[in-house]
Each structure stands twice: as C-alpha cells, then as structure tokens.
$ cat start.cif   # mmCIF, C-alpha atoms
data_my_file
#
loop_
_atom_site.label_atom_id
_atom_site.label_comp_id
_atom_site.auth_asym_id
_atom_site.auth_seq_id
_atom_site.Cartn_x
_atom_site.Cartn_y
_atom_site.Cartn_z
CA ARG A 1 142.09 -5.87 -144.85
CA GLY A 2 141.39 -6.93 -141.30
CA LYS A 3 144.07 -7.24 -138.69
CA ALA A 4 144.45 -10.33 -136.52
CA THR A 5 146.47 -11.28 -133.48
CA VAL A 6 146.84 -14.92 -132.51
CA HIS A 7 148.00 -15.74 -128.98
CA PHE A 8 149.49 -19.12 -128.09
CA ILE A 9 152.00 -20.81 -125.81
CA GLU A 10 155.32 -22.16 -127.10
CA ASN A 11 158.06 -23.58 -124.87
CA ASN A 12 155.91 -22.64 -121.85
CA LYS A 13 156.08 -18.96 -122.80
CA PRO A 14 153.23 -16.77 -124.04
CA GLN A 15 153.64 -15.84 -127.71
CA SER A 16 151.62 -13.86 -130.23
CA ILE A 17 151.53 -13.34 -133.97
CA SER A 18 149.99 -10.24 -135.51
CA GLY A 19 149.29 -9.23 -139.07
CA SER A 20 146.69 -8.48 -141.70
CA SER A 21 144.67 -10.88 -143.79
CA GLY A 22 147.29 -10.44 -146.48
CA GLY A 23 149.91 -12.22 -144.40
CA LEU A 24 151.64 -12.08 -141.06
CA ALA A 25 154.90 -10.40 -140.23
CA THR A 26 156.27 -13.72 -138.97
CA PRO A 27 158.21 -15.57 -141.71
CA LEU A 28 156.36 -18.47 -143.30
CA PRO A 29 158.98 -21.08 -142.30
CA THR A 30 158.39 -20.14 -138.66
CA LEU A 31 154.67 -20.67 -139.03
CA ARG A 32 155.18 -23.98 -140.81
CA ARG A 33 157.33 -25.24 -137.96
CA PHE A 34 154.77 -24.18 -135.35
CA LYS A 35 152.77 -27.06 -133.91
CA ILE A 36 149.94 -26.96 -131.42
CA ASN A 37 150.74 -29.25 -128.51
CA PRO A 38 147.88 -31.80 -128.27
CA SER A 39 148.34 -31.91 -124.49
CA PHE A 40 147.28 -28.26 -124.12
CA SER A 41 144.09 -27.72 -122.13
CA ASP A 42 141.95 -24.67 -121.46
CA SER A 43 143.84 -24.03 -118.22
CA LYS A 44 147.18 -23.92 -120.05
CA MET A 45 146.11 -21.83 -123.02
CA HIS A 46 145.51 -18.47 -121.33
CA CYS A 47 144.29 -16.72 -124.46
CA ILE A 48 141.31 -19.02 -124.93
CA ARG A 49 140.72 -20.13 -121.36
CA SER A 50 137.06 -19.22 -121.34
CA GLN A 51 136.28 -20.27 -124.91
CA SER A 52 135.40 -23.56 -126.54
CA TYR A 53 137.65 -26.10 -128.19
CA GLY A 54 135.94 -25.22 -131.44
CA HIS A 55 137.50 -21.78 -131.20
CA VAL A 56 140.88 -23.41 -130.55
CA MET A 57 140.58 -25.34 -133.80
CA LYS A 58 139.55 -22.23 -135.71
CA ILE A 59 142.72 -20.52 -134.50
CA ALA A 60 144.75 -23.54 -135.54
CA MET A 61 143.16 -23.49 -139.00
CA GLN A 62 143.93 -19.79 -139.27
CA LEU A 63 147.59 -20.40 -138.42
CA ILE A 64 147.82 -23.08 -141.09
CA SER A 65 146.10 -20.77 -143.56
CA TYR A 66 148.59 -17.97 -142.86
CA ALA A 67 151.45 -20.37 -143.57
CA HIS A 68 149.95 -21.22 -146.97
CA HIS A 69 148.48 -17.83 -147.89
CA PRO A 70 146.36 -17.10 -149.86
CA SER A 71 144.87 -20.57 -149.37
CA ARG A 72 142.31 -20.91 -146.60
CA LEU A 73 141.65 -23.97 -144.48
CA ASP A 74 138.78 -24.20 -142.02
CA LEU A 75 136.81 -26.91 -140.27
CA ASP A 76 134.41 -27.23 -143.19
CA SER A 77 136.47 -26.92 -146.34
CA PHE A 78 139.65 -25.90 -148.15
CA PHE A 79 139.94 -23.01 -150.59
CA MET A 80 142.75 -22.05 -152.97
CA GLN A 81 142.97 -18.77 -154.86
CA GLY A 82 141.53 -18.93 -158.36
CA ASN A 83 139.33 -21.99 -157.67
CA PRO A 84 141.74 -24.46 -159.32
CA GLU A 85 139.34 -27.35 -158.71
CA GLU A 86 137.12 -25.98 -161.48
CA HIS A 87 139.47 -26.72 -164.39
CA LEU A 88 142.05 -29.34 -165.34
CA SER A 89 145.07 -27.04 -165.51
CA GLY A 90 144.26 -25.72 -162.04
CA ILE A 91 144.00 -29.25 -160.63
CA MET A 92 147.30 -30.24 -162.22
CA SER A 93 149.16 -27.29 -160.70
CA ALA A 94 147.38 -27.13 -157.32
CA THR A 95 148.08 -30.76 -156.48
CA GLU A 96 151.82 -30.05 -156.81
CA ASP A 97 151.91 -26.61 -155.20
CA THR A 98 154.05 -27.12 -152.08
CA VAL A 99 153.55 -23.50 -150.98
CA ARG A 100 149.76 -23.14 -151.15
CA ASN A 101 148.68 -26.76 -150.72
CA PRO A 102 149.28 -27.92 -147.11
CA PHE A 103 148.10 -31.45 -147.86
CA LEU A 104 151.16 -32.36 -149.92
CA LEU A 105 153.46 -32.32 -146.92
CA MET A 106 150.87 -33.74 -144.55
CA PHE A 107 150.11 -36.75 -146.74
CA GLU A 108 153.77 -37.36 -147.53
CA GLN A 109 155.12 -37.15 -143.98
CA TYR A 110 152.22 -38.20 -141.76
CA LEU A 111 149.72 -40.32 -143.70
CA ALA A 112 151.68 -42.34 -146.25
CA PRO A 113 154.24 -43.81 -143.79
CA LYS A 114 151.54 -45.02 -141.39
CA ILE A 115 149.69 -47.30 -143.82
CA PRO A 116 151.13 -50.56 -145.27
CA TRP A 117 150.06 -49.74 -148.82
CA ASN A 118 151.74 -52.84 -150.21
CA ASP A 119 149.16 -54.94 -148.33
CA TYR A 120 146.35 -53.47 -150.43
CA GLY A 121 145.39 -53.61 -154.06
CA ILE A 122 142.69 -50.94 -154.29
CA VAL A 123 142.10 -47.56 -152.67
CA GLY A 124 138.74 -45.76 -152.81
CA LEU A 125 138.39 -42.01 -152.29
CA SER A 126 135.00 -40.37 -151.80
CA ILE A 127 134.84 -36.66 -152.70
CA ILE A 128 131.51 -35.17 -151.70
CA HIS A 129 132.28 -31.44 -151.46
CA ILE A 130 134.01 -29.02 -153.81
CA GLY A 131 136.49 -28.17 -151.04
CA GLN A 132 137.61 -31.82 -150.99
CA VAL A 133 138.61 -31.94 -154.66
CA ILE A 134 142.18 -30.63 -154.27
CA PRO A 135 142.94 -32.54 -151.02
CA GLY A 136 141.42 -35.75 -152.39
CA LEU A 137 143.16 -35.58 -155.75
CA THR A 138 146.42 -34.60 -154.06
CA LEU A 139 146.30 -37.87 -152.15
CA ALA A 140 145.26 -39.81 -155.26
CA ARG A 141 148.18 -38.40 -157.26
CA GLN A 142 150.71 -39.20 -154.55
CA LEU A 143 149.46 -42.76 -154.21
CA ARG A 144 149.38 -43.25 -157.98
CA ARG A 145 153.04 -42.24 -158.23
CA ARG A 146 154.39 -44.01 -155.14
CA TYR A 147 152.42 -47.24 -155.36
CA PRO A 148 151.79 -48.15 -159.01
CA HIS A 149 150.28 -51.51 -158.01
CA LEU A 150 147.28 -49.78 -156.41
CA HIS A 151 144.06 -49.29 -158.32
CA ILE A 152 142.72 -45.85 -157.37
CA VAL A 153 138.96 -45.44 -157.68
CA VAL A 154 137.09 -42.25 -156.79
CA GLY A 155 133.42 -41.50 -156.25
CA GLY A 156 131.14 -39.06 -154.51
CA SER A 157 128.60 -36.43 -155.43
CA VAL A 158 131.10 -33.96 -156.93
CA PHE A 159 132.13 -36.29 -159.75
CA ASN A 160 128.62 -37.65 -160.03
CA ARG A 161 127.29 -34.18 -160.84
CA HIS A 162 130.08 -33.40 -163.32
CA ALA A 163 130.64 -36.80 -164.91
CA ASP A 164 129.55 -35.44 -168.30
CA LEU A 165 132.66 -33.23 -168.36
CA LEU A 166 135.16 -36.09 -168.19
CA ASP A 167 135.19 -37.17 -171.85
CA ASP A 168 138.23 -34.99 -172.65
CA LYS A 169 139.87 -35.25 -169.22
CA GLN A 170 142.06 -38.28 -169.93
CA GLN A 171 144.82 -36.70 -167.86
CA LEU A 172 142.81 -37.27 -164.69
CA PHE A 173 142.76 -41.01 -165.38
CA LYS A 174 146.46 -41.08 -166.24
CA GLU A 175 147.75 -39.00 -163.32
CA PHE A 176 145.25 -39.36 -160.47
CA PHE A 177 142.90 -42.34 -160.58
CA HIS A 178 142.21 -45.40 -162.69
CA SER A 179 138.43 -45.42 -162.50
CA LEU A 180 135.44 -43.50 -161.23
CA ILE A 181 132.10 -44.72 -159.91
CA VAL A 182 128.97 -42.61 -160.39
CA SER A 183 125.66 -42.90 -158.54
CA GLU A 184 125.32 -45.46 -155.76
CA GLY A 185 128.54 -47.42 -155.40
CA GLU A 186 127.86 -50.49 -153.24
CA LEU A 187 127.29 -52.96 -156.08
CA PRO A 188 129.73 -51.35 -158.58
CA LEU A 189 132.55 -51.28 -156.01
CA ASP A 190 131.96 -54.94 -155.15
CA GLN A 191 132.04 -55.80 -158.85
CA LEU A 192 135.19 -53.74 -159.38
CA VAL A 193 137.03 -55.58 -156.59
CA SER A 194 135.98 -58.94 -158.05
CA HIS A 195 137.08 -57.98 -161.56
CA LEU A 196 140.46 -56.75 -160.35
CA LYS A 197 141.05 -59.92 -158.32
CA GLU A 198 140.22 -62.12 -161.31
CA ASN A 199 142.04 -59.84 -163.77
CA LYS A 200 138.88 -59.37 -165.83
CA PRO A 201 138.21 -56.45 -168.20
CA LEU A 202 136.36 -53.59 -166.52
CA HIS A 203 133.77 -52.93 -169.22
CA THR A 204 131.12 -55.01 -167.39
CA VAL A 205 131.41 -53.18 -164.05
CA PRO A 206 128.23 -51.06 -163.76
CA ASN A 207 128.36 -47.30 -163.14
CA LEU A 208 132.11 -47.26 -163.88
CA ILE A 209 133.98 -44.66 -165.92
CA HIS A 210 137.50 -45.66 -166.92
CA LEU A 211 140.14 -45.28 -169.60
CA GLU A 212 140.75 -47.70 -172.44
CA GLY A 213 143.70 -46.62 -174.52
CA ASP A 214 143.11 -42.89 -174.80
CA LYS A 215 139.32 -43.02 -174.70
CA VAL A 216 137.12 -42.41 -171.67
CA ILE A 217 134.65 -45.29 -171.42
CA ARG A 218 131.30 -45.07 -169.62
CA ASN A 219 129.87 -48.41 -168.60
CA PRO A 220 126.08 -48.90 -168.45
CA LYS A 221 124.42 -47.83 -165.22
CA THR A 222 122.52 -50.09 -162.87
CA ASP A 223 119.79 -49.48 -160.33
CA ALA A 224 120.77 -48.78 -156.74
CA LEU A 225 120.40 -51.64 -154.31
CA PRO A 226 117.14 -51.53 -152.34
CA TYR A 227 117.37 -50.55 -148.73
CA GLU A 228 116.68 -54.10 -147.55
CA GLN A 229 119.81 -55.40 -149.29
CA LEU A 230 122.26 -52.89 -147.84
CA VAL A 231 124.82 -54.19 -145.38
CA CYS A 232 124.93 -52.58 -141.95
CA PRO A 233 128.20 -50.64 -141.60
CA THR A 234 130.62 -51.24 -138.76
CA PHE A 235 132.61 -48.52 -137.00
CA ASP A 236 134.49 -50.78 -134.59
CA GLN A 237 137.95 -49.99 -135.96
CA LEU A 238 137.52 -46.22 -136.08
CA PRO A 239 139.18 -44.17 -133.29
CA LEU A 240 135.97 -42.28 -132.54
CA GLU A 241 137.51 -40.61 -129.50
CA LYS A 242 139.90 -38.71 -131.78
CA TYR A 243 137.18 -37.08 -133.86
CA LEU A 244 136.60 -33.38 -133.24
CA MET A 245 133.21 -33.88 -131.64
CA PRO A 246 132.06 -33.58 -128.01
CA TYR A 247 130.67 -37.12 -128.26
CA PRO A 248 130.61 -39.88 -130.94
CA VAL A 249 128.34 -39.12 -133.91
CA LEU A 250 127.42 -41.91 -136.32
CA PRO A 251 125.41 -41.69 -139.56
CA TYR A 252 121.99 -43.33 -139.53
CA MET A 253 119.99 -44.18 -142.63
CA SER A 254 116.40 -45.30 -142.16
CA SER A 255 115.35 -45.19 -145.82
CA ARG A 256 116.77 -44.69 -149.29
CA GLY A 257 115.55 -42.74 -152.25
CA CYS A 258 112.23 -40.99 -152.81
CA TYR A 259 108.97 -42.42 -154.10
CA TRP A 260 108.50 -39.27 -156.24
CA GLY A 261 112.07 -38.79 -157.46
CA LYS A 262 111.31 -35.99 -159.93
CA CYS A 263 112.41 -32.85 -158.08
CA CYS A 264 115.03 -30.95 -160.07
CA LEU A 265 116.43 -29.28 -156.94
CA LEU A 266 117.82 -32.59 -155.66
CA TYR A 267 121.31 -33.57 -156.73
CA THR A 268 121.69 -36.83 -154.84
CA SER A 269 122.45 -39.89 -156.93
CA ASP A 270 119.03 -41.34 -156.12
CA ALA A 271 117.34 -38.34 -157.71
CA ALA A 272 119.77 -38.33 -160.62
CA ASP A 273 118.81 -41.91 -161.45
CA GLU A 274 115.20 -40.92 -162.01
#
$ encode --input "start.cif" --output "structure tokens"
Amino acid sequence: RGKATVHFIENNKPQSISGSSGGLATPLPTLRRFKINPSFSDSKMHCIRSQSYGHVMKIAMQLISYAHHPSRLDLDSFFMQGNPEEHLSGIMSATEDTVRNPFLLMFEQYLAPKIPWNDYGIVGLSIIHIGQVIPGLTLARQLRRRYPHLHIVVGGSVFNRHADLLDDKQQLFKEFFHSLIVSEGELPLDQLVSHLKENKPLHTVPNLIHLEGDKVIRNPKTDALPYEQLVCPTFDQLPLEKYLMPYPVLPYMSSRGCYWGKCCLLYTSDAADE
C-alpha cells in the first residue's frame, strides 16, 4: 500500500493529512466536513503553488475518495468496490450506500434544492460510461422517490450496449426510471414528450423500452435522423466559465454514421443499427 500526504490550507493555517491507500488516520467525519475554498489561488495554496489546477482537482478527488473509501472518484470516472454497476443487486445497494456513495448527499443537499422540479414533467439522463451508472441511477432513484409526477427516461451507450439484459430487470423500471431509449434518441425523445403530454400509450414511441404491468416491452426501432434534419444545439444557458477547462470546449459534429457500417469493433448506435 502506498502512503500519501495531502497538504492544504484551512482557516488560513497550513494543514496536512497523511495515511496509506487503505485509509487516512484522520476520522472520516472530519474529511467529509472538509471543503476546498473556491477562492483559493495558486499563491494561497503553498503546497501546489507551482503546479496546475488539474493537480489541485486530483487532490480534491483524492480527499473525497478517502472520505468514502474504498470508493474512488477521479476526474474521469467513479469506481466502487465489487463493481456493483454490473449486477442488479449491486445497483440496488450502491445507490443507497451513504458511506461509499458520495453522490447521495451531494444530490440531496446541493442539486435537488436548486431545481424547481415541480415545473417539469420529464427528466432525461444520459449514461455513456460505466463509471456513470451508479451516479446516474442514484440521481434517478432520488428523483423517482421525491417527485413521483416526473417521468424519468434514460439513454446512452451503456444501456444501448446492454439492452438485451433488461428483460428480467423489472426492478430498474420500478425503482429508477420509467423508460429507456436505445440508439439515436432525437426522434424517440420528441415522440415520448408528445405522448406524455397527450396521455397516449407509449407502445408507439420508437426505440423505447418500458414496463407494462410486470413485462418489459421493447418498441420497434426506427432509423436515425439524417444529418441534414438534426437541429443545431444551443449552449447559451450553460455556465461555460464554471467548467473545469482552461477555455470553453464545445462538441462539433460534421457528419453522422458511416457509409460502410459493418465494423464489429464499433459500438456506437449508428454501427449497431447496421
């Protein structure tokens, strides 16, 4: 086990925490109460004065990880011991684990109170990486319990690749989300919103997986919209200055799909449709 020492400033006094990868000597409640002052700059944080802000964030992620050991949070992903995202029982327990899942408290205290959920009727969650499964489903479960009027729909490449495993996972639809969209979601999501507004049955919404009674229903799939019909996204309401980047970075799509579309190594929804 490696040994680590984290230096920081608290109440204008230099502090440090030392310990092994198995846990720090500092009690967990102390670590959970510790917050990094957003007003800190390189000149004030003596321990990282000559290093980048990226290193600052890595230290912050390490502190959070120590407080929820053995879980590990970094700038790219989130990992819990035993890979609970790989099976239903693990998902059920991990999304209620207040010790090892830092997102429970964060969503409850910082995210949920800031959004007027009663003004909305549908919430969509995109889960595109295995490390997003537990955080994403933690949020979905909280919203499902607190705001029963919301329709929770999920999508993203993770569920798209494993959609064939959902036939006996009725609990996911009962506890976390109401429906799931596979493959490209522009047209299906638009149809889902229209059906919910008009109180229509969901069996005609393309690419949708949902629950009827106790049976998982898979609606017929439809072709993805051609590139020419896609709407240009807007980022006007996003606080881009708060993103952890040295300058704003926006996604740019100049084409969609592949004229060949037969390569087995691709797992994008465009390739899966072929």
$ resolve_selection --input "start.cif" --expression "the PyMOL selection byres ((chain A and resi 141-152) around 8)" --output "PyMOL selection string"
chain A and resi 95+108+117-118+120-125+137-140+153-154+175-179
$ residues_around --input "start.cif" --residues "region 185-192 of chain A" --least-positions-apart "2" --cutoff "8 Å" --atoms "all atoms listed in the file" --output "ChimeraX atom specification"
/A:155,181-183,194-196,202,205-208,224-225
$ closest_residue --input "start.cif" --among "A:Met253, A:Met61, A:Glu212, A:Tyr110" --to "Val231 (chain A)" --atoms "only C-alpha atoms"
A:Met253
$ residues_around --input "start.cif" --residues "Ile91 (chain A)" --least-positions-apart "6" --cutoff "10 Å" --atoms "all atoms listed in the file" --output "PyMOL selection string"
chain A and resi 83-85+97+133-134+137-138+172
$ atom_distance --input "start.cif" --atom1 "CA of Ser71 (chain A)" --atom2 "CA of Arg100 (chain A)"
5.8 Å
$ atom_distance --input "start.cif" --atom1 "CA of Val99 (chain A)" --atom2 "CA of Ser126 (chain A)"
25.1 Å
